[in-house]
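**Q** Provided below: my_file.tsv, containing TSV, C-alpha atoms.
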```tsv
chain	number	residue	atom	x	y	z
A	13	MET	CA	51.19	117.68	69.45
A	14	VAL	CA	54.89	117.07	69.10
A	15	SER	CA	56.25	114.20	71.13
A	16	GLN	CA	59.80	114.38	72.42
A	17	ILE	CA	62.13	111.56	71.66
A	18	GLN	CA	63.69	110.25	74.83
A	19	PRO	CA	67.39	109.50	74.64
A	20	PRO	CA	68.20	105.83	75.04
A	21	THR	CA	69.03	104.88	78.60
A	22	GLN	CA	72.64	103.99	79.26
A	23	PRO	CA	73.16	100.43	80.44
A	24	GLU	CA	74.32	100.13	84.01
A	25	VAL	CA	78.04	99.50	84.32
A	26	ILE	CA	78.86	96.48	86.47
A	27	TYR	CA	82.06	96.54	88.47
A	28	PRO	CA	82.94	92.91	89.32
A	29	ASP	CA	84.53	92.24	92.69
A	30	SER	CA	86.25	89.03	91.62
A	31	ASP	CA	87.89	87.48	88.59
A	32	GLY	CA	87.65	83.94	89.92
A	33	GLN	CA	91.40	83.75	90.50
A	34	PRO	CA	92.89	82.80	93.88
A	35	VAL	CA	94.31	85.48	96.17
A	36	ALA	CA	97.70	83.79	96.07
A	37	ASN	CA	99.32	81.00	94.09
A	38	ASN	CA	101.22	79.44	96.99
A	39	THR	CA	101.45	79.53	100.76
A	40	ILE	CA	104.59	81.69	100.78
A	41	GLN	CA	102.98	84.44	98.75
A	42	PHE	CA	99.79	84.25	100.79
A	43	GLY	CA	101.75	84.40	104.06
A	44	TRP	CA	103.48	87.60	102.99
A	45	ILE	CA	100.23	89.21	101.86
A	46	VAL	CA	98.55	88.38	105.17
A	47	GLU	CA	101.55	89.52	107.23
A	48	ILE	CA	101.84	92.91	105.53
A	49	LYS	CA	98.11	93.54	105.48
A	50	GLN	CA	97.52	92.58	109.11
A	51	ASN	CA	100.51	94.47	110.46
A	52	LEU	CA	99.40	97.60	108.58
A	53	ASP	CA	95.90	97.11	110.01
A	54	TRP	CA	97.35	97.06	113.53
A	55	LEU	CA	99.70	99.95	112.81
A	56	PHE	CA	96.77	102.18	111.83
A	57	ALA	CA	94.16	100.59	114.10
A	58	ASP	CA	93.55	103.86	115.96
A	59	ASP	CA	93.23	105.99	112.84
A	60	PRO	CA	89.68	105.77	111.44
A	61	ASN	CA	90.74	107.35	108.16
A	62	VAL	CA	93.27	104.81	106.94
A	63	PHE	CA	91.85	102.03	104.76
A	64	VAL	CA	93.98	98.90	104.24
A	65	ALA	CA	92.92	96.13	101.86
A	66	GLY	CA	94.29	92.94	100.37
A	67	ASP	CA	93.49	91.69	96.86
A	68	LEU	CA	90.68	94.23	96.44
A	69	PHE	CA	89.64	95.33	92.95
A	70	TRP	CA	90.48	99.00	92.38
A	71	TYR	CA	88.55	100.85	89.68
A	72	PRO	CA	90.07	104.30	89.13
A	73	VAL	CA	87.77	105.52	86.32
A	74	GLU	CA	83.98	105.66	86.51
A	75	GLY	CA	82.26	103.82	83.69
A	76	ARG	CA	85.43	101.97	82.66
A	77	ASN	CA	85.19	98.56	84.27
A	78	LYS	CA	88.01	97.18	82.14
A	79	ILE	CA	90.44	99.55	83.84
A	80	VAL	CA	91.05	97.62	87.05
A	81	ASN	CA	93.76	96.14	89.19
A	82	ALA	CA	93.84	94.24	92.46
A	83	PRO	CA	97.00	95.05	94.44
A	84	ASP	CA	98.12	92.37	96.86
A	85	VAL	CA	98.01	95.05	99.58
A	86	MET	CA	97.01	98.68	99.24
A	87	VAL	CA	96.82	101.56	101.70
A	88	VAL	CA	94.52	104.55	101.27
A	89	LEU	CA	95.21	107.47	103.58
A	90	GLY	CA	92.23	109.73	104.07
A	91	ARG	CA	89.47	107.17	103.55
A	92	PRO	CA	87.44	105.56	106.33
A	93	LYS	CA	87.80	101.98	107.42
A	94	GLY	CA	85.03	99.60	106.45
A	95	ASP	CA	84.10	96.74	104.18
A	96	ARG	CA	83.96	97.26	100.41
A	97	LEU	CA	83.19	94.87	97.58
A	98	CYS	CA	85.64	96.86	95.46
A	99	TYR	CA	87.34	100.25	95.58
A	100	GLN	CA	85.54	102.62	93.20
A	101	GLN	CA	87.72	105.69	93.34
A	102	TRP	CA	85.05	108.21	92.26
A	103	LYS	CA	83.02	107.14	95.31
A	104	GLU	CA	86.04	107.69	97.55
A	105	GLU	CA	86.43	111.44	96.98
A	106	GLY	CA	88.68	110.61	94.05
A	107	ILE	CA	91.46	109.43	96.38
A	108	ALA	CA	93.74	106.78	94.86
A	109	PRO	CA	95.60	104.24	96.96
A	110	GLN	CA	98.87	105.92	97.88
A	111	VAL	CA	100.89	102.82	98.79
A	112	VAL	CA	100.79	99.46	97.01
A	113	PHE	CA	102.58	96.17	97.71
A	114	GLU	CA	102.93	93.25	95.31
A	115	ILE	CA	104.30	89.85	96.35
A	116	LEU	CA	105.62	87.88	93.40
A	117	SER	CA	104.91	84.23	92.70
A	118	PRO	CA	106.58	82.04	90.05
A	119	SER	CA	103.57	82.53	87.78
A	120	ASN	CA	104.02	86.30	87.54
A	121	THR	CA	105.52	87.35	84.20
A	122	GLN	CA	107.64	90.39	83.47
A	123	THR	CA	104.99	91.65	81.05
A	124	GLU	CA	102.34	91.40	83.76
A	125	MET	CA	104.45	93.32	86.26
A	126	ASP	CA	105.35	95.96	83.67
A	127	LYS	CA	101.63	96.53	83.10
A	128	LYS	CA	101.05	96.86	86.83
A	129	LEU	CA	103.81	99.44	87.10
A	130	LEU	CA	102.27	101.46	84.25
A	131	PHE	CA	98.83	101.21	85.89
A	132	TYR	CA	100.06	102.39	89.28
A	133	ASP	CA	102.10	105.15	87.69
A	134	ARG	CA	99.17	106.37	85.58
A	135	TYR	CA	96.56	106.32	88.34
A	136	GLY	CA	98.40	108.05	91.13
A	137	VAL	CA	100.15	105.54	93.41
A	138	GLU	CA	102.85	107.37	95.37
A	139	GLU	CA	104.83	104.39	96.70
A	140	TYR	CA	105.06	100.98	95.05
A	141	TYR	CA	106.93	97.99	96.47
A	142	ILE	CA	107.53	94.56	94.95
A	143	TYR	CA	108.99	91.67	96.93
A	144	ASP	CA	109.99	88.33	95.40
A	145	PRO	CA	110.23	85.82	98.29
A	146	GLU	CA	111.76	83.10	96.10
A	147	LYS	CA	114.66	85.31	94.99
A	148	ASN	CA	114.61	87.43	98.15
A	149	ASN	CA	114.55	90.50	95.98
A	150	LEU	CA	112.97	93.82	96.99
A	151	ARG	CA	112.33	96.75	94.64
A	152	GLY	CA	110.58	100.03	95.19
A	153	TRP	CA	109.34	103.11	93.36
A	154	LEU	CA	108.57	106.59	94.70
A	155	ARG	CA	106.56	109.28	92.92
A	156	SER	CA	108.39	112.36	91.74
A	157	GLU	CA	107.34	115.17	89.41
A	158	ASP	CA	107.78	112.83	86.46
A	159	GLY	CA	105.94	109.81	87.90
A	160	LEU	CA	107.13	106.72	89.72
A	161	ASP	CA	110.93	106.59	89.92
A	162	VAL	CA	113.00	103.62	91.05
A	163	ILE	CA	114.30	103.81	94.62
A	164	PRO	CA	118.01	103.11	94.10
A	165	GLN	CA	118.75	101.79	97.61
A	166	MET	CA	116.13	99.80	99.50
A	167	GLU	CA	118.28	98.79	102.46
A	168	ASP	CA	116.93	100.55	105.57
A	169	TRP	CA	114.52	102.45	103.36
A	170	VAL	CA	111.76	104.21	105.31
A	171	SER	CA	108.41	104.71	103.63
A	172	PRO	CA	107.68	108.47	103.54
A	173	LEU	CA	103.96	107.87	104.06
A	174	LEU	CA	103.79	104.79	106.29
A	175	LYS	CA	107.04	105.37	108.22
A	176	ILE	CA	107.80	101.64	108.14
A	177	ARG	CA	111.38	100.51	107.55
A	178	PHE	CA	112.49	97.88	105.02
A	179	VAL	CA	115.46	95.73	106.02
A	180	PRO	CA	116.50	93.21	103.35
A	181	SER	CA	118.86	90.51	104.60
A	182	SER	CA	120.18	87.13	103.52
A	183	GLU	CA	117.43	85.53	105.63
A	184	GLY	CA	114.66	87.46	103.94
A	185	LEU	CA	112.89	90.79	104.11
A	186	GLN	CA	112.03	92.25	107.47
A	187	LEU	CA	109.70	95.20	108.03
A	188	TYR	CA	109.71	97.41	111.10
A	189	ARG	CA	107.06	99.68	112.56
A	190	PRO	CA	107.85	103.33	113.35
A	191	ASP	CA	108.37	102.32	117.01
A	192	GLY	CA	111.08	99.86	115.97
A	193	GLU	CA	109.00	96.73	116.51
A	194	ARG	CA	109.31	94.11	113.78
A	195	PHE	CA	106.32	93.05	111.68
A	196	LEU	CA	105.17	89.70	113.06
A	197	THR	CA	103.59	86.71	111.41
A	198	TYR	CA	100.15	85.55	112.50
A	199	THR	CA	101.75	82.62	114.35
A	200	GLU	CA	104.10	84.95	116.24
A	201	ILE	CA	101.24	87.29	117.10
A	202	SER	CA	99.11	84.40	118.36
A	203	ARG	CA	102.01	83.04	120.41
A	204	ASN	CA	102.70	86.47	121.93
A	205	ALA	CA	99.01	86.95	122.70
A	206	GLU	CA	98.89	83.56	124.44
A	207	GLN	CA	102.02	84.38	126.45
A	208	GLU	CA	100.51	87.72	127.44
A	209	ARG	CA	97.29	85.97	128.46
A	210	GLN	CA	99.25	83.52	130.60
A	211	ARG	CA	101.24	86.36	132.20
A	212	ALA	CA	98.00	88.21	132.97
A	213	GLU	CA	96.49	85.05	134.46
A	214	GLN	CA	99.58	84.46	136.62
A	215	GLU	CA	99.50	88.07	137.78
A	216	HIS	CA	95.82	87.72	138.62
A	217	GLN	CA	96.56	84.56	140.60
A	218	ARG	CA	99.40	86.28	142.48
A	219	ALA	CA	97.14	89.23	143.27
A	220	GLU	CA	94.40	86.90	144.48
A	221	GLN	CA	96.84	84.97	146.67
A	222	GLU	CA	98.14	88.23	148.11
A	223	ARG	CA	94.59	89.38	148.79
A	224	GLN	CA	93.81	86.12	150.57
A	225	ARG	CA	97.01	86.36	152.64
A	226	ALA	CA	96.10	89.91	153.62
A	227	GLU	CA	92.60	88.83	154.62
A	228	LEU	CA	93.99	85.96	156.71
A	229	ALA	CA	96.50	88.27	158.38
A	230	GLU	CA	93.76	90.81	159.12
A	231	GLN	CA	91.51	88.12	160.55
A	232	ALA	CA	94.38	86.80	162.67
A	233	ARG	CA	94.89	90.28	164.14
A	234	ARG	CA	91.18	90.58	164.85
A	235	ASP	CA	91.14	87.17	166.56
A	236	ALA	CA	94.23	88.04	168.60
A	237	ILE	CA	92.80	91.19	170.21
A	238	PRO	CA	90.30	89.47	172.58
A	239	ARG	CA	92.92	86.97	173.72
A	240	LEU	CA	95.47	89.72	174.39
A	241	LEU	CA	92.88	91.73	176.32
A	242	GLN	CA	92.19	88.65	178.45
A	243	MET	CA	95.92	88.56	179.20
A	244	ASN	CA	95.50	92.07	180.67
A	245	LEU	CA	97.56	93.78	177.99
A	246	SER	CA	96.73	97.42	177.49
A	247	ILE	CA	95.26	98.81	174.28
A	248	GLU	CA	98.58	100.54	173.62
A	249	GLN	CA	100.56	97.32	174.09
A	250	ILE	CA	98.23	95.40	171.76
A	251	ALA	CA	98.46	98.12	169.11
A	252	GLN	CA	102.26	97.98	169.23
A	253	ALA	CA	102.33	94.19	169.11
A	254	LEU	CA	99.95	93.92	166.15
A	255	GLY	CA	101.23	96.93	164.18
A	256	LEU	CA	97.90	98.75	164.49
A	257	SER	CA	96.91	102.16	165.73
A	258	VAL	CA	95.34	102.54	169.13
A	259	GLU	CA	92.11	103.68	167.49
A	260	GLU	CA	92.03	100.58	165.24
A	261	VAL	CA	92.46	98.31	168.26
A	262	ARG	CA	89.69	100.10	170.17
A	263	THR	CA	87.36	99.80	167.15
A	264	LEU	CA	88.12	96.10	166.59
A	265	ALA	CA	87.75	95.38	170.30
A	266	GLN	CA	84.24	96.79	170.28
A	267	GLU	CA	83.08	94.65	167.30
```
As a first step, turn the structure in this file into structure tokens.

**A**
Amino acid sequence: MVSQIQPPTQPEVIYPDSDGQPVANNTIQFGWIVEIKQNLDWLFADDPNVFVAGDLFWYPVEGRNKIVNAPDVMVVLGRPKGDRLCYQQWKEEGIAPQVVFEILSPSNTQTEMDKKLLFYDRYGVEEYYIYDPEKNNLRGWLRSEDGLDVIPQMEDWVSPLLKIRFVPSSEGLQLYRPDGERFLTYTEISRNAEQERQRAEQEHQRAEQERQRAELAEQARRDAIPRLLQMNLSIEQIAQALGLSVEEVRTLAQE
């Protein structure tokens, strides 16, 4: 009897979901990451097939866990929303993140950012944006036939895929939704939500007061009918005096 030699089993490849480093190195960088990520979440809230993530490990090649990057913000069109420990592209129908944002901090080196650009170019990113809050400097790249090319003019640039508009100014970068509304910070969104809640509460109170006034007026008309009948006024005269129809007065008089 000839026994067959079994090939050695391949060790399972582990794809870590963290490198132990913080999401951001300072509050300014973190604020920008949160603002862009949350506003993109709200922009595509009604589209179940747009996945937006912040600081999520992206593995483009199966079995190669050393080939990885974690964009500050990435957008994947064509993939469902939902939680992920990391983005394993071969499990996502092979779809790479199309749009990537990086927010610079003082600790970022030119070599590091050059490597990121090469990574995003090699693995299929279509739009790549870098913003340096400290220097108020915005740069962008757009994919062409030859790879990612520098966008020469970023002022009023509109993302071909996201349709958001970039407006650099001396006061800092501003981003605008396709409907013209500016991206808001979490504080601004919370403040607006509170103001909207207060307006809704005031409107509810006004409606309730109006309802109570209407009920009191209706009750006053009901109470007036017996007294007017005792004064020998006709049904027609009472209807005219109270602004009611003759039929309404007859009905109320019989109650």

**Q** For a quick check of understanding, using only C-alpha atoms, which of A:Tyr27, A:Trp153, A:Phe178, A:Tyr141 has the smallest distance to Arg76 of chain A?

**A** A:Tyr27

**Q** Can you tell me which residues surround segment 39-56 of chain A at a distance of at most 7 Å, considering only C-alpha atoms, apart from same-chain residues fewer than 5 positions away, and format the answer as a list in words?

**A**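 Here the qualifying residues turn out to be Val62, Val64, Ala65, Gly66, Asp84, Val85, Ile115, Leu116, Ser117, Phe195, Leu196, Thr197 and Tyr198 of chain A.
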
**Q** Please produce, as CSV, a per-residue contact table for segment 21-118 of chain A versus segment 133-139 of chain A (criterion: any atom at most 12 Å away, only C-alpha atoms considered), showing the nearest atom pair and its distance in Å to one decimal, sorted by chain then residue number.

**A**
```
residue,atom,partner,partner_atom,distance
A:Trp70,CA,A:Tyr135,CA,10.3
A:Tyr71,CA,A:Tyr135,CA,9.8
A:Pro72,CA,A:Tyr135,CA,6.8
A:Val73,CA,A:Tyr135,CA,9.1
A:Ile79,CA,A:Tyr135,CA,10.2
A:Val80,CA,A:Tyr135,CA,10.4
A:Asn81,CA,A:Tyr135,CA,10.6
A:Pro83,CA,A:Val137,CA,11.0
A:Val85,CA,A:Glu139,CA,11.9
A:Met86,CA,A:Val137,CA,9.5
A:Val87,CA,A:Val137,CA,9.8
A:Val88,CA,A:Val137,CA,9.7
A:Leu89,CA,A:Glu138,CA,11.2
A:Gln101,CA,A:Tyr135,CA,10.2
A:Gly106,CA,A:Gly136,CA,10.5
A:Ile107,CA,A:Gly136,CA,8.8
A:Ala108,CA,A:Gly136,CA,6.1
A:Pro109,CA,A:Val137,CA,5.9
A:Gln110,CA,A:Val137,CA,4.7
A:Val111,CA,A:Glu139,CA,4.7
A:Val112,CA,A:Glu139,CA,6.4
A:Phe113,CA,A:Glu139,CA,8.6
A:Glu114,CA,A:Glu139,CA,11.4
```

**Q** Record the distance separating atom CA of Asp158 of chain A and atom CA of Arg91 of chain A, expressed in Å with one decimal.

**A**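 About the pair atom CA of Asp158 of chain A and atom CA of Arg91 of chain A: they are 25.7 Å apart.
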
**Q** What's the separation between atom CA of Asp191 of chain A and atom CA of Trp169 of chain A, in Å to one decimal place?

**A**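 Atom CA of Trp169 of chain A lies at a distance of 15.0 Å from atom CA of Asp191 of chain A.
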
**Q** Any chance you could build segment 129-154 of chain A out to N, CA and C atoms and write it as a PDB file, in the frame of the given file?

**A**
```
ATOM      1  N   LEU A 129     103.053  98.217  86.840  1.00  0.00           N
ATOM      2  CA  LEU A 129     103.810  99.440  87.100  1.00  0.00           C
ATOM      3  C   LEU A 129     103.215 100.616  86.322  1.00  0.00           C
ATOM      4  N   LEU A 130     102.879 100.401  85.060  1.00  0.00           N
ATOM      5  CA  LEU A 130     102.270 101.460  84.250  1.00  0.00           C
ATOM      6  C   LEU A 130     100.925 101.886  84.842  1.00  0.00           C
ATOM      7  N   PHE A 131     100.134 100.921  85.286  1.00  0.00           N
ATOM      8  CA  PHE A 131      98.830 101.210  85.890  1.00  0.00           C
ATOM      9  C   PHE A 131      99.005 102.075  87.134  1.00  0.00           C
ATOM     10  N   TYR A 132      99.878 101.652  88.037  1.00  0.00           N
ATOM     11  CA  TYR A 132     100.060 102.390  89.280  1.00  0.00           C
ATOM     12  C   TYR A 132     100.657 103.767  89.033  1.00  0.00           C
ATOM     13  N   ASP A 133     101.527 103.865  88.049  1.00  0.00           N
ATOM     14  CA  ASP A 133     102.100 105.150  87.690  1.00  0.00           C
ATOM     15  C   ASP A 133     101.015 106.080  87.145  1.00  0.00           C
ATOM     16  N   ARG A 134     100.195 105.557  86.252  1.00  0.00           N
ATOM     17  CA  ARG A 134      99.170 106.370  85.580  1.00  0.00           C
ATOM     18  C   ARG A 134      98.083 106.841  86.534  1.00  0.00           C
ATOM     19  N   TYR A 135      97.735 106.000  87.529  1.00  0.00           N
ATOM     20  CA  TYR A 135      96.560 106.320  88.340  1.00  0.00           C
ATOM     21  C   TYR A 135      96.906 106.793  89.757  1.00  0.00           C
ATOM     22  N   GLY A 136      98.121 107.234  89.960  1.00  0.00           N
ATOM     23  CA  GLY A 136      98.400 108.050  91.130  1.00  0.00           C
ATOM     24  C   GLY A 136      99.026 107.413  92.343  1.00  0.00           C
ATOM     25  N   VAL A 137      99.464 106.153  92.260  1.00  0.00           N
ATOM     26  CA  VAL A 137     100.150 105.540  93.410  1.00  0.00           C
ATOM     27  C   VAL A 137     101.429 106.328  93.705  1.00  0.00           C
ATOM     28  N   GLU A 138     101.679 106.582  94.977  1.00  0.00           N
ATOM     29  CA  GLU A 138     102.850 107.370  95.370  1.00  0.00           C
ATOM     30  C   GLU A 138     104.038 106.507  95.783  1.00  0.00           C
ATOM     31  N   GLU A 139     103.759 105.323  96.336  1.00  0.00           N
ATOM     32  CA  GLU A 139     104.830 104.390  96.700  1.00  0.00           C
ATOM     33  C   GLU A 139     104.418 102.997  96.244  1.00  0.00           C
ATOM     34  N   TYR A 140     105.353 102.317  95.594  1.00  0.00           N
ATOM     35  CA  TYR A 140     105.060 100.980  95.050  1.00  0.00           C
ATOM     36  C   TYR A 140     106.221 100.071  95.398  1.00  0.00           C
ATOM     37  N   TYR A 141     105.901  98.931  96.037  1.00  0.00           N
ATOM     38  CA  TYR A 141     106.930  97.990  96.470  1.00  0.00           C
ATOM     39  C   TYR A 141     106.616  96.594  95.941  1.00  0.00           C
ATOM     40  N   ILE A 142     107.643  95.942  95.423  1.00  0.00           N
ATOM     41  CA  ILE A 142     107.530  94.560  94.950  1.00  0.00           C
ATOM     42  C   ILE A 142     108.547  93.713  95.708  1.00  0.00           C
ATOM     43  N   TYR A 143     108.069  92.601  96.270  1.00  0.00           N
ATOM     44  CA  TYR A 143     108.990  91.670  96.930  1.00  0.00           C
ATOM     45  C   TYR A 143     108.828  90.291  96.301  1.00  0.00           C
ATOM     46  N   ASP A 144     109.954  89.691  95.945  1.00  0.00           N
ATOM     47  CA  ASP A 144     109.990  88.330  95.400  1.00  0.00           C
ATOM     48  C   ASP A 144     110.568  87.415  96.472  1.00  0.00           C
ATOM     49  N   PRO A 145     109.725  86.667  97.208  1.00  0.00           N
ATOM     50  CA  PRO A 145     110.230  85.820  98.290  1.00  0.00           C
ATOM     51  C   PRO A 145     111.175  84.729  97.803  1.00  0.00           C
ATOM     52  N   GLU A 146     110.929  84.189  96.605  1.00  0.00           N
ATOM     53  CA  GLU A 146     111.760  83.100  96.100  1.00  0.00           C
ATOM     54  C   GLU A 146     113.189  83.584  95.856  1.00  0.00           C
ATOM     55  N   LYS A 147     113.332  84.756  95.261  1.00  0.00           N
ATOM     56  CA  LYS A 147     114.660  85.310  94.990  1.00  0.00           C
ATOM     57  C   LYS A 147     115.148  86.254  96.084  1.00  0.00           C
ATOM     58  N   ASN A 148     114.295  86.485  97.084  1.00  0.00           N
ATOM     59  CA  ASN A 148     114.610  87.430  98.150  1.00  0.00           C
ATOM     60  C   ASN A 148     115.053  88.768  97.573  1.00  0.00           C
ATOM     61  N   ASN A 149     114.223  89.272  96.691  1.00  0.00           N
ATOM     62  CA  ASN A 149     114.550  90.500  95.980  1.00  0.00           C
ATOM     63  C   ASN A 149     113.474  91.551  96.240  1.00  0.00           C
ATOM     64  N   LEU A 150     113.888  92.732  96.690  1.00  0.00           N
ATOM     65  CA  LEU A 150     112.970  93.820  96.990  1.00  0.00           C
ATOM     66  C   LEU A 150     113.260  94.998  96.064  1.00  0.00           C
ATOM     67  N   ARG A 151     112.207  95.543  95.461  1.00  0.00           N
ATOM     68  CA  ARG A 151     112.330  96.750  94.640  1.00  0.00           C
ATOM     69  C   ARG A 151     111.265  97.746  95.054  1.00  0.00           C
ATOM     70  N   GLY A 152     111.536  99.010  94.807  1.00  0.00           N
ATOM     71  CA  GLY A 152     110.580 100.030  95.190  1.00  0.00           C
ATOM     72  C   GLY A 152     110.601 101.213  94.238  1.00  0.00           C
ATOM     73  N   TRP A 153     109.466 101.920  94.176  1.00  0.00           N
ATOM     74  CA  TRP A 153     109.340 103.110  93.360  1.00  0.00           C
ATOM     75  C   TRP A 153     108.681 104.207  94.194  1.00  0.00           C
ATOM     76  N   LEU A 154     109.096 105.440  93.983  1.00  0.00           N
ATOM     77  CA  LEU A 154     108.570 106.590  94.700  1.00  0.00           C
ATOM     78  C   LEU A 154     108.185 107.665  93.691  1.00  0.00           C
TER      79      LEU A 154
END
```
